[in-house]
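See below for structure-v8.cif, which holds mmCIF, C-alpha atoms, pLDDT in the B column; chains and numbers go by the auth columns.
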data_structure
loop_
_atom_site.group_PDB
_atom_site.id
_atom_site.type_symbol
_atom_site.label_atom_id
_atom_site.label_comp_id
_atom_site.label_asym_id
_atom_site.label_seq_id
_atom_site.Cartn_x
_atom_site.Cartn_y
_atom_site.Cartn_z
_atom_site.B_iso_or_equiv
_atom_site.auth_seq_id
_atom_site.auth_asym_id
ATOM 1 C CA ILE A 1 -3.429 8.848 14.758 54.00 12 A
ATOM 2 C CA GLY A 2 -1.531 6.241 16.740 63.00 13 A
ATOM 3 C CA GLY A 3 -2.790 3.610 19.119 70.00 14 A
ATOM 4 C CA ALA A 4 -6.008 5.034 20.486 77.00 15 A
ATOM 5 C CA PRO A 5 -8.139 3.237 23.062 81.00 16 A
ATOM 6 C CA ALA A 6 -11.123 1.151 21.922 85.00 17 A
ATOM 7 C CA GLY A 7 -14.096 3.313 21.058 88.00 18 A
ATOM 8 C CA ALA A 8 -12.010 6.408 20.301 86.00 19 A
ATOM 9 C CA GLU A 9 -13.297 8.578 17.475 87.00 20 A
ATOM 10 C CA PHE A 10 -11.830 11.257 15.229 84.00 21 A
ATOM 11 C CA SER A 11 -13.254 13.664 12.691 86.00 22 A
ATOM 12 C CA LEU A 12 -11.945 15.542 9.680 84.00 23 A
ATOM 13 C CA ASP A 13 -13.144 17.877 6.981 85.00 24 A
ATOM 14 C CA HIS A 14 -14.497 15.795 4.095 84.00 25 A
ATOM 15 C CA ALA A 15 -12.625 18.009 1.628 85.00 26 A
ATOM 16 C CA SER A 16 -9.381 16.415 2.825 79.00 27 A
ATOM 17 C CA THR A 17 -10.453 13.183 1.099 81.00 28 A
ATOM 18 C CA LEU A 18 -11.131 14.759 -2.291 85.00 29 A
ATOM 19 C CA TRP A 19 -8.961 14.145 -5.339 84.00 30 A
ATOM 20 C CA GLY A 20 -8.260 10.510 -4.524 82.00 31 A
ATOM 21 C CA LYS A 21 -7.053 10.833 -0.943 82.00 32 A
ATOM 22 C CA ARG A 22 -8.140 8.063 1.442 81.00 33 A
ATOM 23 C CA ILE A 23 -8.172 7.316 5.144 79.00 34 A
ATOM 24 C CA ILE A 24 -7.066 3.715 5.790 78.00 35 A
ATOM 25 C CA GLY A 25 -6.811 1.945 9.121 78.00 36 A
ATOM 26 C CA ILE A 26 -3.939 -0.499 9.627 77.00 37 A
ATOM 27 C CA LEU A 27 -3.179 -2.687 12.616 73.00 38 A
ATOM 28 C CA GLY A 28 0.425 -3.838 12.996 70.00 39 A
ATOM 29 C CA GLY A 29 1.845 -2.031 9.974 71.00 40 A
ATOM 30 C CA GLY A 30 1.168 -2.285 6.291 71.00 41 A
ATOM 31 C CA GLY A 31 4.321 -3.906 4.958 73.00 42 A
ATOM 32 C CA ARG A 32 4.226 -6.998 2.765 80.00 43 A
ATOM 33 C CA SER A 33 6.511 -9.636 4.261 83.00 44 A
ATOM 34 C CA ALA A 34 8.290 -10.984 1.168 85.00 45 A
ATOM 35 C CA PRO A 35 9.328 -7.664 -0.402 88.00 46 A
ATOM 36 C CA LEU A 36 9.978 -6.037 2.975 87.00 47 A
ATOM 37 C CA ILE A 37 12.275 -8.809 4.234 89.00 48 A
ATOM 38 C CA GLY A 38 14.102 -8.900 0.891 91.00 49 A
ATOM 39 C CA ALA A 39 14.646 -5.134 1.016 92.00 50 A
ATOM 40 C CA LEU A 40 15.883 -5.306 4.629 90.00 51 A
ATOM 41 C CA ILE A 41 18.367 -8.057 3.725 92.00 52 A
ATOM 42 C CA ASP A 42 19.664 -5.992 0.800 95.00 53 A
ATOM 43 C CA MET A 43 20.030 -2.956 3.073 95.00 54 A
ATOM 44 C CA TYR A 44 21.865 -5.083 5.666 93.00 55 A
ATOM 45 C CA LYS A 45 24.305 -6.336 3.025 95.00 56 A
ATOM 46 C CA GLN A 46 24.943 -2.709 2.034 96.00 57 A
ATOM 47 C CA GLY A 47 25.605 -1.759 5.676 94.00 58 A
ATOM 48 C CA ARG A 48 22.467 0.395 5.797 95.00 59 A
ATOM 49 C CA PHE A 49 20.350 -1.696 8.223 92.00 60 A
ATOM 50 C CA PRO A 50 21.996 -2.426 11.606 89.00 61 A
ATOM 51 C CA PHE A 51 20.166 -5.688 12.278 86.00 62 A
ATOM 52 C CA ASP A 52 22.931 -6.953 14.566 87.00 63 A
ATOM 53 C CA ARG A 53 22.558 -3.853 16.789 88.00 64 A
ATOM 54 C CA LEU A 54 18.795 -4.377 17.117 89.00 65 A
ATOM 55 C CA VAL A 55 18.824 -7.945 18.445 94.00 66 A
ATOM 56 C CA SER A 56 20.073 -9.400 21.721 96.00 67 A
ATOM 57 C CA TRP A 57 20.607 -13.142 22.121 96.00 68 A
ATOM 58 C CA PHE A 58 19.683 -15.106 25.258 97.00 69 A
ATOM 59 C CA GLU A 59 19.858 -18.791 26.081 97.00 70 A
ATOM 60 C CA LEU A 60 16.646 -20.586 27.065 96.00 71 A
ATOM 61 C CA ASP A 61 17.561 -20.550 30.758 96.00 72 A
ATOM 62 C CA GLN A 62 17.831 -16.718 30.491 97.00 73 A
ATOM 63 C CA VAL A 63 14.240 -16.176 29.345 96.00 74 A
ATOM 64 C CA GLU A 64 13.379 -14.085 32.430 97.00 75 A
ATOM 65 C CA GLU A 65 16.467 -11.945 31.843 97.00 76 A
ATOM 66 C CA ALA A 66 15.391 -11.469 28.211 96.00 77 A
ATOM 67 C CA ILE A 67 11.938 -10.295 29.279 96.00 78 A
ATOM 68 C CA GLY A 68 13.434 -7.933 31.865 96.00 79 A
ATOM 69 C CA ALA A 69 15.914 -6.493 29.354 96.00 80 A
ATOM 70 C CA SER A 70 13.036 -5.822 26.973 94.00 81 A
ATOM 71 C CA HIS A 71 10.936 -4.109 29.651 94.00 82 A
ATOM 72 C CA ARG A 72 13.888 -1.960 30.760 94.00 83 A
ATOM 73 C CA GLY A 73 14.631 -0.942 27.172 92.00 84 A
ATOM 74 C CA GLU A 74 18.025 -2.659 27.185 94.00 85 A
ATOM 75 C CA ALA A 75 17.042 -5.069 24.390 93.00 86 A
ATOM 76 C CA ILE A 76 15.112 -3.915 21.338 92.00 87 A
ATOM 77 C CA LYS A 77 14.455 -7.443 20.095 93.00 88 A
ATOM 78 C CA PRO A 78 15.449 -10.178 22.537 96.00 89 A
ATOM 79 C CA ILE A 79 15.837 -13.586 20.874 96.00 90 A
ATOM 80 C CA VAL A 80 15.856 -16.729 22.995 96.00 91 A
ATOM 81 C CA ARG A 81 17.890 -19.647 21.618 96.00 92 A
ATOM 82 C CA MET A 82 16.436 -23.105 22.004 93.00 93 A
ATOM 83 C CA PRO A 83 18.916 -25.867 22.793 89.00 94 A
ATOM 84 C CA GLY A 84 19.773 -28.054 19.802 85.00 95 A
#
As structure tokens:
Amino acid sequence: IGGAPAGAEFSLDHASTLWGKRIIGILGGGGRSAPLIGALIDMYKQGRFPFDRLVSWFELDQVEEAIGASHRGEAIKPIVRMPG
């Protein structure tokens, strides 16, 4: 259904839930962290998950640039490095 506004409603024919089918609401995805991260790492090692193309690195003094790049769609996942 997607991200509907608060108070939104939907309806369906009850027959669509017969034979074990269910309607489940999930906020933020339904993945389990440990198996999901492990699977993504395996896919990355196989060259099947382009993690390095999804992230953009910024130094702490570039935090505003990181936010702007995200808003403009230039950075999928901006990561700000903290000084060591």
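The spacing separating CA of Pro16 (chain A) from CA of Ile34 (chain A) amounts to 18.4 Å.
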Using only C-alpha atoms, determine which residues lie at most 12 Å from Ser81 (chain A), disregarding the query and same-chain residues fewer than 6 positions distant; provide the list as a PyMOL selection string. chain A and resi 65-69+74-75+87-91
re CA of Gly36 (chain A) and CA of Leu51 (chain A): distance 24.2 Å
When you count all atoms listed in the file, which of these residues is closest to Leu71 (chain A): A:Gly95, A:Ile35, A:Leu47, A:Arg59? A:Gly95
For CA of Glu85 (chain A) and CA of Gly49 (chain A), quote the distance in Å rounded to one decimal.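 Distance reported for this atom pair: 27.3 Å.
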Pick from A:Ala86, A:Ala26, A:Met93, A:Ala19 nearest to Asp63 (chain A), counting all atoms listed in the file: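 Distance minimum relative to Asp63 (chain A) lands on A:Ala86.
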Given 8 Å on each side, where is the centre and what are the edge lengths in Å to one decimal of the axis-aligned box enclosing the listed atoms of region 32-38 of chain A, as lines of an AutoDock Vina configuration file?
center_x = -5.7
center_y = 4.1
center_z = 5.8
size_x = 21.0
size_y = 29.5
size_z = 29.6
Please provide the set of residues having any atom within 12 Å of Phe60 (chain A), restricted to all atoms listed in the file, with same-chain residues fewer than 5 positions apart removed, written as number ranges by chain. A: 48, 50-55, 65
